[in-house]
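Heads up: the structure comes next, in structure tokens.
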Amino acid sequence: MKVVFKLGKFLFPLKIQTEKLKDYVKMFEEMFKEGKKLLIVTGGGEVAREYIRVAREYGLDEATCDQLGIEVSRLNAYLLLSMLGENAYPEVPKSLREVKRFFHHGKIVVCGGLTPGHSTTAVGALAAEVIRADCYVIATDVDGIYTRDPKIYKDAEKLEVVDTSEVFKMASQGRFWAGTYELDPLAIKVIERSKIPTYFIDGRKTENLKKVLAGEKIGTYIKPKQ
Ligand code: UTP
């Protein structure tokens with residue numbers, strides 16, 4: 001089974017929790033030993049947001065802000081792959097071609113951002129496409145996709161299943177600046193065109209990643225539109 005995991009900012013706050021990362025490393029090692037082929041994409045987290053904030057306040061262009069986000073996400077990837085030791089490919093891929101090449105070595109590949117203008121969630125979708133993953137799991141700090149932002153609206157309802165065209169509509173209404181590409185339209189389009197079964201789950205509970213692979217109904221299933 002080939003799986004792509006995207007680990008968002010919940011795992012990379014300003015003060016990274018070593019214990020939390022250790023839990024993740026242990027779980028990925030177990031999955032790897034069970035024979036699962038893993039590709040992990042790390043986001044830039046809060047540190048990336050800080051760099052982007054300063055760069056933008058200074059008046060730097062958006063592409064430069066994106067580059068800063070990419071660099072930080074690669075640093076997070078390097079931290080995680082180093083912790084995974086010999087179970088991981090020892091380099092962070094810098095292009096989709098490298099993602100594919102490194103993955104063929106059979107070890108866990110850990111990747112950050114690739115190019116300006118989108119999120120690491122889109123990188124995860126593209127990586128899932130090139131390695132022909134069986135599924136894509138987006139781990140975040142919410143327990144699913146809601147009709148409205150659950151952090152703002154009390155009446156927001158959680159969706160168990162949502163069609164890519166519906167998510168696309170929601171994503172298109174969002175902001176589109178460096179640092180704010182959560183569930184960006186590119187990710188959704190890639191999921192749709194390659195029909196990648198995608199799960200949007202709460203990553204704050206480490207075991208949720210195992211549960212979703214075991215077929216438990218948690219989070220939101222993003223169903224590729226036929
Ligand atoms: P992400 O926004 O993907 O980080 O990357 P994250 O921490 O995972 O965020 P959540 O949890 O999904 O919200 C940080 C920033 O780096 C730039 C973008 O500006 C992005 O917002 N980036 C990242 C790119 O421009 N291209 C990439 O391929 C990846």
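We label chains A, B, ... in the order they appear in the structure tokens, count residues from 1 in each chain, and number ligands from 1 in the order shown.
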
For range 100-113 of chain A, work out the shell of residues within 9 Å, counting only C-alpha atoms and skipping chain neighbours fewer than 3 positions away, then give it as a tab-separated table (two decimals) with all heavy atoms, in the first residue's frame.
```
chain	number	residue	atom	x	y	z
A	28	PHE	N	5.38	5.98	12.08
A	28	PHE	CA	5.81	5.80	10.69
A	28	PHE	C	6.75	4.59	10.57
A	28	PHE	O	6.68	3.84	9.60
A	28	PHE	CB	6.49	7.06	10.16
A	28	PHE	CG	5.54	8.21	9.93
A	28	PHE	CD1	5.86	9.51	10.30
A	28	PHE	CD2	4.29	7.99	9.33
A	28	PHE	CE1	4.97	10.56	10.09
A	28	PHE	CE2	3.40	9.04	9.12
A	28	PHE	CZ	3.74	10.32	9.51
A	29	GLU	N	7.61	4.40	11.58
A	29	GLU	CA	8.51	3.24	11.54
A	29	GLU	C	7.71	1.94	11.58
A	29	GLU	O	8.02	0.99	10.85
A	29	GLU	CB	9.50	3.31	12.71
A	29	GLU	CG	10.60	4.33	12.42
A	29	GLU	CD	11.55	4.57	13.60
A	29	GLU	OE1	11.24	4.13	14.73
A	29	GLU	OE2	12.59	5.20	13.37
A	32	PHE	N	6.08	1.39	8.23
A	32	PHE	CA	7.10	1.02	7.25
A	32	PHE	C	7.47	-0.46	7.42
A	32	PHE	O	7.57	-1.20	6.44
A	32	PHE	CB	8.32	1.92	7.46
A	32	PHE	CG	9.43	1.69	6.48
A	32	PHE	CD1	9.26	1.94	5.13
A	32	PHE	CD2	10.68	1.23	6.91
A	32	PHE	CE1	10.29	1.73	4.22
A	32	PHE	CE2	11.71	1.02	6.01
A	32	PHE	CZ	11.52	1.27	4.67
A	37	LYS	N	4.35	1.66	2.00
A	37	LYS	CA	5.32	2.56	1.37
A	37	LYS	C	4.85	4.00	1.62
A	37	LYS	O	3.74	4.35	1.22
A	37	LYS	CB	5.41	2.27	-0.12
A	37	LYS	CG	5.91	0.86	-0.39
A	37	LYS	CD	6.39	0.71	-1.80
A	37	LYS	CE	6.86	-0.69	-2.14
A	37	LYS	NZ	7.53	-1.44	-1.10
A	38	LEU	N	5.71	4.77	2.28
A	38	LEU	CA	5.26	6.08	2.76
A	38	LEU	C	5.99	7.25	2.11
A	38	LEU	O	7.21	7.22	1.94
A	38	LEU	CB	5.47	6.18	4.27
A	38	LEU	CG	4.91	5.07	5.15
A	38	LEU	CD1	5.24	5.35	6.61
A	38	LEU	CD2	3.40	4.94	4.98
A	39	LEU	N	5.20	8.26	1.82
A	39	LEU	CA	5.76	9.53	1.38
A	39	LEU	C	5.13	10.60	2.27
A	39	LEU	O	3.90	10.68	2.35
A	39	LEU	CB	5.42	9.79	-0.08
A	39	LEU	CG	6.30	10.84	-0.76
A	39	LEU	CD1	6.47	10.53	-2.22
A	39	LEU	CD2	5.78	12.24	-0.57
A	40	ILE	N	5.96	11.36	2.96
A	40	ILE	CA	5.45	12.33	3.92
A	40	ILE	C	5.79	13.75	3.45
A	40	ILE	O	6.93	14.01	3.08
A	40	ILE	CB	6.07	12.08	5.32
A	40	ILE	CG1	5.76	10.65	5.78
A	40	ILE	CG2	5.56	13.09	6.34
A	40	ILE	CD1	6.67	10.15	6.89
A	41	VAL	N	4.81	14.62	3.48
A	41	VAL	CA	5.06	16.02	3.12
A	41	VAL	C	4.85	16.87	4.37
A	41	VAL	O	3.80	16.80	5.00
A	41	VAL	CB	4.11	16.50	1.99
A	41	VAL	CG1	4.43	17.94	1.61
A	41	VAL	CG2	4.20	15.59	0.78
A	42	THR	N	5.88	17.63	4.73
A	42	THR	CA	5.76	18.49	5.91
A	42	THR	C	5.47	19.93	5.48
A	42	THR	O	6.03	20.43	4.49
A	42	THR	CB	7.08	18.49	6.72
A	42	THR	OG1	8.15	18.79	5.83
A	42	THR	CG2	7.32	17.14	7.37
A	43	GLY	N	4.60	20.59	6.24
A	43	GLY	CA	4.30	21.98	5.96
A	43	GLY	C	5.35	22.89	6.59
A	43	GLY	O	6.27	22.43	7.25
A	44	GLY	N	5.15	24.17	6.40
A	44	GLY	CA	6.10	25.15	6.94
A	44	GLY	C	5.77	25.55	8.37
A	44	GLY	O	6.62	26.10	9.08
A	67	GLN	N	8.98	31.46	-1.28
A	67	GLN	CA	10.29	30.78	-1.21
A	67	GLN	C	10.70	30.58	0.24
A	67	GLN	O	11.25	29.54	0.60
A	67	GLN	CB	11.38	31.59	-1.92
A	67	GLN	CG	11.28	31.59	-3.43
A	67	GLN	CD	11.61	30.23	-4.05
A	67	GLN	OE1	11.90	29.26	-3.35
A	67	GLN	NE2	11.56	30.15	-5.36
A	69	GLY	N	8.67	30.25	2.76
A	69	GLY	CA	7.80	29.16	3.27
A	69	GLY	C	8.35	27.81	2.84
A	69	GLY	O	8.39	26.85	3.63
A	70	ILE	N	8.79	27.72	1.58
A	70	ILE	CA	9.32	26.46	1.05
A	70	ILE	C	10.58	26.05	1.83
A	70	ILE	O	10.72	24.89	2.24
A	70	ILE	CB	9.63	26.60	-0.46
A	70	ILE	CG1	8.32	26.76	-1.24
A	70	ILE	CG2	10.44	25.41	-0.98
A	70	ILE	CD1	8.49	27.14	-2.71
A	71	GLU	N	11.47	27.01	2.06
A	71	GLU	CA	12.72	26.70	2.79
A	71	GLU	C	12.42	26.14	4.17
A	71	GLU	O	13.03	25.17	4.61
A	71	GLU	CB	13.61	27.95	2.92
A	71	GLU	CG	14.20	28.46	1.60
A	71	GLU	CD	15.08	27.44	0.89
A	71	GLU	OE1	15.66	26.57	1.56
A	71	GLU	OE2	15.18	27.53	-0.35
A	72	VAL	N	11.46	26.76	4.86
A	72	VAL	CA	11.14	26.29	6.21
A	72	VAL	C	10.50	24.89	6.16
A	72	VAL	O	10.83	24.02	6.97
A	72	VAL	CB	10.24	27.29	6.97
A	72	VAL	CG1	9.91	26.77	8.36
A	72	VAL	CG2	10.91	28.66	7.08
A	73	SER	N	9.63	24.67	5.19
A	73	SER	CA	9.00	23.34	5.10
A	73	SER	C	10.05	22.26	4.81
A	73	SER	O	9.98	21.14	5.32
A	73	SER	CB	7.89	23.31	4.04
A	73	SER	OG	8.42	23.54	2.76
A	74	ARG	N	11.08	22.63	4.07
A	74	ARG	CA	12.18	21.68	3.78
A	74	ARG	C	13.00	21.40	5.04
A	74	ARG	O	13.49	20.29	5.24
A	74	ARG	CB	13.07	22.21	2.66
A	74	ARG	CG	12.39	22.11	1.32
A	74	ARG	CD	13.24	22.67	0.21
A	74	ARG	NE	12.58	22.49	-1.07
A	74	ARG	CZ	12.95	23.11	-2.17
A	74	ARG	NH1	13.96	23.94	-2.17
A	74	ARG	NH2	12.30	22.88	-3.31
A	75	LEU	N	13.14	22.43	5.86
A	75	LEU	CA	13.88	22.26	7.12
A	75	LEU	C	13.10	21.29	8.01
A	75	LEU	O	13.68	20.39	8.63
A	75	LEU	CB	14.01	23.63	7.79
A	75	LEU	CG	15.02	23.77	8.91
A	75	LEU	CD1	16.42	23.47	8.43
A	75	LEU	CD2	14.97	25.20	9.46
A	76	ASN	N	11.78	21.44	8.06
A	76	ASN	CA	10.94	20.52	8.85
A	76	ASN	C	11.06	19.10	8.29
A	76	ASN	O	11.13	18.13	9.05
A	76	ASN	CB	9.47	20.97	8.82
A	76	ASN	CG	9.24	22.24	9.62
A	76	ASN	OD1	10.02	22.56	10.51
A	76	ASN	ND2	8.17	22.97	9.31
A	77	ALA	N	11.11	19.00	6.98
A	77	ALA	CA	11.25	17.68	6.34
A	77	ALA	C	12.59	17.05	6.74
A	77	ALA	O	12.67	15.86	7.05
A	77	ALA	CB	11.15	17.81	4.82
A	78	TYR	N	13.62	17.88	6.76
A	78	TYR	CA	14.95	17.36	7.08
A	78	TYR	C	15.03	16.89	8.53
A	78	TYR	O	15.65	15.87	8.84
A	78	TYR	CB	16.02	18.43	6.79
A	78	TYR	CG	17.41	17.84	6.85
A	78	TYR	CD1	17.80	16.87	5.92
A	78	TYR	CD2	18.30	18.20	7.83
A	78	TYR	CE1	19.06	16.28	5.99
A	78	TYR	CE2	19.56	17.62	7.91
A	78	TYR	CZ	19.93	16.66	6.99
A	78	TYR	OH	21.16	16.08	7.07
A	80	LEU	N	12.48	15.69	10.29
A	80	LEU	CA	11.74	14.43	10.39
A	80	LEU	C	12.51	13.26	9.75
A	80	LEU	O	12.60	12.18	10.34
A	80	LEU	CB	10.35	14.60	9.74
A	80	LEU	CG	9.40	13.42	9.87
A	80	LEU	CD1	9.14	13.08	11.33
A	80	LEU	CD2	8.07	13.72	9.18
A	81	LEU	N	13.09	13.49	8.57
A	81	LEU	CA	13.80	12.37	7.93
A	81	LEU	C	15.04	11.98	8.73
A	81	LEU	O	15.41	10.80	8.79
A	81	LEU	CB	14.11	12.65	6.45
A	81	LEU	CG	15.26	13.54	6.00
A	81	LEU	CD1	16.60	12.82	6.01
A	81	LEU	CD2	14.97	14.00	4.58
A	84	LEU	N	13.96	9.75	11.41
A	84	LEU	CA	13.58	8.42	10.90
A	84	LEU	C	14.81	7.56	10.60
A	84	LEU	O	14.69	6.36	10.34
A	84	LEU	CB	12.71	8.55	9.66
A	84	LEU	CG	11.26	8.97	9.92
A	84	LEU	CD1	10.61	9.50	8.66
A	84	LEU	CD2	10.46	7.81	10.48
A	86	GLU	N	17.73	5.37	9.31
A	86	GLU	CA	17.95	4.55	8.10
A	86	GLU	C	16.66	4.12	7.41
A	86	GLU	O	16.69	3.57	6.30
A	86	GLU	CB	18.80	3.33	8.43
A	86	GLU	CG	18.18	2.45	9.48
A	86	GLU	CD	19.05	1.25	9.83
A	86	GLU	OE1	20.28	1.33	9.66
A	86	GLU	OE2	18.47	0.24	10.27
A	87	ASN	N	15.50	4.40	8.04
A	87	ASN	CA	14.23	4.06	7.38
A	87	ASN	C	13.85	5.08	6.30
A	87	ASN	O	12.94	4.85	5.52
A	87	ASN	CB	13.09	4.00	8.41
A	87	ASN	CG	13.29	2.86	9.38
A	87	ASN	OD1	13.69	1.76	8.97
A	87	ASN	ND2	13.04	3.10	10.66
A	88	ALA	N	14.55	6.22	6.33
A	88	ALA	CA	14.18	7.29	5.38
A	88	ALA	C	15.28	7.53	4.35
A	88	ALA	O	16.47	7.34	4.63
A	88	ALA	CB	13.91	8.57	6.14
A	89	TYR	N	14.86	7.98	3.17
A	89	TYR	CA	15.83	8.41	2.15
A	89	TYR	C	16.51	9.67	2.72
A	89	TYR	O	15.83	10.57	3.21
A	89	TYR	CB	15.12	8.71	0.83
A	89	TYR	CG	16.08	8.92	-0.30
A	89	TYR	CD1	16.58	7.83	-1.00
A	89	TYR	CD2	16.51	10.20	-0.63
A	89	TYR	CE1	17.50	8.02	-2.02
A	89	TYR	CE2	17.43	10.39	-1.65
A	89	TYR	CZ	17.93	9.30	-2.33
A	89	TYR	OH	18.83	9.49	-3.34
A	90	PRO	N	17.86	9.76	2.66
A	90	PRO	CA	18.54	10.82	3.42
A	90	PRO	C	18.50	12.23	2.84
A	90	PRO	O	19.20	13.11	3.33
A	90	PRO	CB	19.99	10.29	3.48
A	90	PRO	CG	20.13	9.43	2.30
A	90	PRO	CD	18.79	8.81	2.04
A	91	GLU	N	17.70	12.47	1.82
A	91	GLU	CA	17.68	13.81	1.23
A	91	GLU	C	16.25	14.28	1.04
A	91	GLU	O	15.36	13.46	0.77
A	91	GLU	CB	18.32	13.73	-0.16
A	91	GLU	CG	19.59	14.52	-0.29
A	91	GLU	CD	20.06	14.49	-1.72
A	91	GLU	OE1	19.60	15.32	-2.51
A	91	GLU	OE2	20.89	13.61	-2.05
A	92	VAL	N	16.05	15.59	1.09
A	92	VAL	CA	14.72	16.16	0.84
A	92	VAL	C	14.59	16.44	-0.66
A	92	VAL	O	15.40	17.20	-1.21
A	92	VAL	CB	14.54	17.49	1.63
A	92	VAL	CG1	13.18	18.11	1.34
A	92	VAL	CG2	14.72	17.25	3.13
A	93	PRO	N	13.62	15.84	-1.34
A	93	PRO	CA	13.49	16.10	-2.78
A	93	PRO	C	13.14	17.56	-3.07
A	93	PRO	O	12.40	18.18	-2.31
A	93	PRO	CB	12.33	15.18	-3.22
A	93	PRO	CG	11.78	14.55	-2.00
A	93	PRO	CD	12.59	14.93	-0.83
A	94	LYS	N	13.68	18.08	-4.16
A	94	LYS	CA	13.44	19.49	-4.50
A	94	LYS	C	12.58	19.63	-5.76
A	94	LYS	O	12.32	20.74	-6.23
A	94	LYS	CB	14.78	20.21	-4.70
A	94	LYS	CG	15.67	20.15	-3.47
A	94	LYS	CD	16.25	21.49	-3.15
A	94	LYS	CE	16.88	21.58	-1.79
A	94	LYS	NZ	17.69	20.47	-1.35
A	95	SER	N	12.19	18.52	-6.33
A	95	SER	CA	11.34	18.56	-7.52
A	95	SER	C	10.50	17.28	-7.53
A	95	SER	O	10.84	16.31	-6.82
A	95	SER	CB	12.19	18.59	-8.80
A	95	SER	OG	12.93	17.37	-8.90
A	96	LEU	N	9.46	17.28	-8.35
A	96	LEU	CA	8.62	16.07	-8.43
A	96	LEU	C	9.40	14.90	-9.00
A	96	LEU	O	9.19	13.74	-8.65
A	96	LEU	CB	7.41	16.33	-9.32
A	96	LEU	CG	6.16	16.84	-8.63
A	96	LEU	CD1	5.04	16.96	-9.63
A	96	LEU	CD2	5.76	15.94	-7.47
A	97	ARG	N	10.32	15.23	-9.89
A	97	ARG	CA	11.15	14.19	-10.48
A	97	ARG	C	11.98	13.49	-9.38
A	97	ARG	O	12.10	12.27	-9.37
A	97	ARG	CB	12.09	14.83	-11.51
A	97	ARG	CG	12.49	13.87	-12.60
A	97	ARG	CD	13.51	14.50	-13.46
A	97	ARG	NE	12.89	15.26	-14.54
A	97	ARG	CZ	13.53	15.60	-15.63
A	97	ARG	NH1	14.79	15.30	-15.80
A	97	ARG	NH2	12.93	16.26	-16.58
A	116	PRO	N	6.85	28.03	-5.82
A	116	PRO	CA	5.98	29.09	-5.29
A	116	PRO	C	4.57	29.05	-5.88
A	116	PRO	O	4.36	28.52	-6.97
A	116	PRO	CB	6.68	30.38	-5.73
A	116	PRO	CG	8.10	30.00	-5.95
A	116	PRO	CD	8.06	28.58	-6.44
A	118	HIS	N	1.69	27.78	-4.36
A	118	HIS	CA	0.68	26.85	-3.81
A	118	HIS	C	1.14	26.35	-2.45
A	118	HIS	O	2.13	26.85	-1.90
A	118	HIS	CB	0.38	25.71	-4.79
A	118	HIS	CG	1.56	24.95	-5.25
A	118	HIS	ND1	2.20	24.03	-4.47
A	118	HIS	CD2	2.24	24.98	-6.43
A	118	HIS	CE1	3.20	23.51	-5.14
A	118	HIS	NE2	3.26	24.07	-6.33
A	119	SER	N	0.44	25.35	-1.92
A	119	SER	CA	0.73	24.87	-0.56
A	119	SER	C	1.43	23.51	-0.60
A	119	SER	O	1.51	22.87	-1.66
A	119	SER	CB	-0.60	24.68	0.17
A	119	SER	OG	-1.29	23.62	-0.45
A	120	THR	N	1.86	23.08	0.57
A	120	THR	CA	2.40	21.72	0.65
A	120	THR	C	1.27	20.69	0.51
A	120	THR	O	1.55	19.53	0.22
A	120	THR	CB	3.18	21.51	1.96
A	120	THR	OG1	2.39	21.98	3.05
A	120	THR	CG2	4.52	22.22	1.96
A	121	THR	N	0.03	21.12	0.68
A	121	THR	CA	-1.09	20.20	0.44
A	121	THR	C	-1.17	19.86	-1.05
A	121	THR	O	-1.44	18.72	-1.44
A	121	THR	CB	-2.43	20.82	0.94
A	121	THR	OG1	-2.23	21.23	2.29
A	121	THR	CG2	-3.57	19.82	0.88
A	122	ALA	N	-0.89	20.85	-1.89
A	122	ALA	CA	-0.83	20.59	-3.34
A	122	ALA	C	0.38	19.71	-3.66
A	122	ALA	O	0.30	18.80	-4.51
A	122	ALA	CB	-0.76	21.91	-4.11
A	123	VAL	N	1.49	19.93	-2.97
A	123	VAL	CA	2.68	19.08	-3.18
A	123	VAL	C	2.32	17.62	-2.87
A	123	VAL	O	2.66	16.71	-3.63
A	123	VAL	CB	3.86	19.54	-2.28
A	123	VAL	CG1	5.01	18.54	-2.33
A	123	VAL	CG2	4.34	20.93	-2.69
A	124	GLY	N	1.58	17.42	-1.78
A	124	GLY	CA	1.16	16.06	-1.41
A	124	GLY	C	0.31	15.42	-2.50
A	124	GLY	O	0.48	14.24	-2.82
A	127	ALA	N	2.56	14.62	-5.41
A	127	ALA	CA	3.41	13.47	-5.06
A	127	ALA	C	2.58	12.19	-5.14
A	127	ALA	O	3.06	11.16	-5.66
A	127	ALA	CB	3.98	13.66	-3.66
A	130	VAL	N	2.38	11.25	-8.80
A	130	VAL	CA	3.57	10.66	-9.45
A	130	VAL	C	3.94	9.28	-8.91
A	130	VAL	O	4.52	8.49	-9.64
A	130	VAL	CB	4.83	11.57	-9.46
A	130	VAL	CG1	4.63	12.81	-10.27
A	130	VAL	CG2	5.33	11.89	-8.07
A	131	ILE	N	3.61	9.02	-7.65
A	131	ILE	CA	3.96	7.68	-7.15
A	131	ILE	C	2.76	6.73	-7.28
A	131	ILE	O	2.82	5.59	-6.86
A	131	ILE	CB	4.49	7.69	-5.70
A	131	ILE	CG1	3.41	8.14	-4.71
A	131	ILE	CG2	5.76	8.50	-5.56
A	131	ILE	CD1	3.63	7.65	-3.29
```

TODO: Check the DSSP output for the backbone and give back, as a ChimeraX atom specification, the residues of chain A in strand (DSSP E).
DONE: /A:2-7,37-42,109-111,135-140,145-146,158-159,161-163,198-202,220-223

Next on the checklist: Quick check for you: according to DSSP on this backbone, which residues of chain A are classed as alpha helix (DSSP H)? Reply as an NGL selection string.
Outcome noted: :A and (18-33 or 45-58 or 62-84 or 96-103 or 120-130 or 164-173 or 185-193 or 207-213)

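Residues in contact with range 182-189 of chain A at 6 Å, where only C-alpha atoms are counted and same-chain residues fewer than 6 positions away are skipped, are listed as Ala122, Ala125, Phe168 and Ala171 of chain A.
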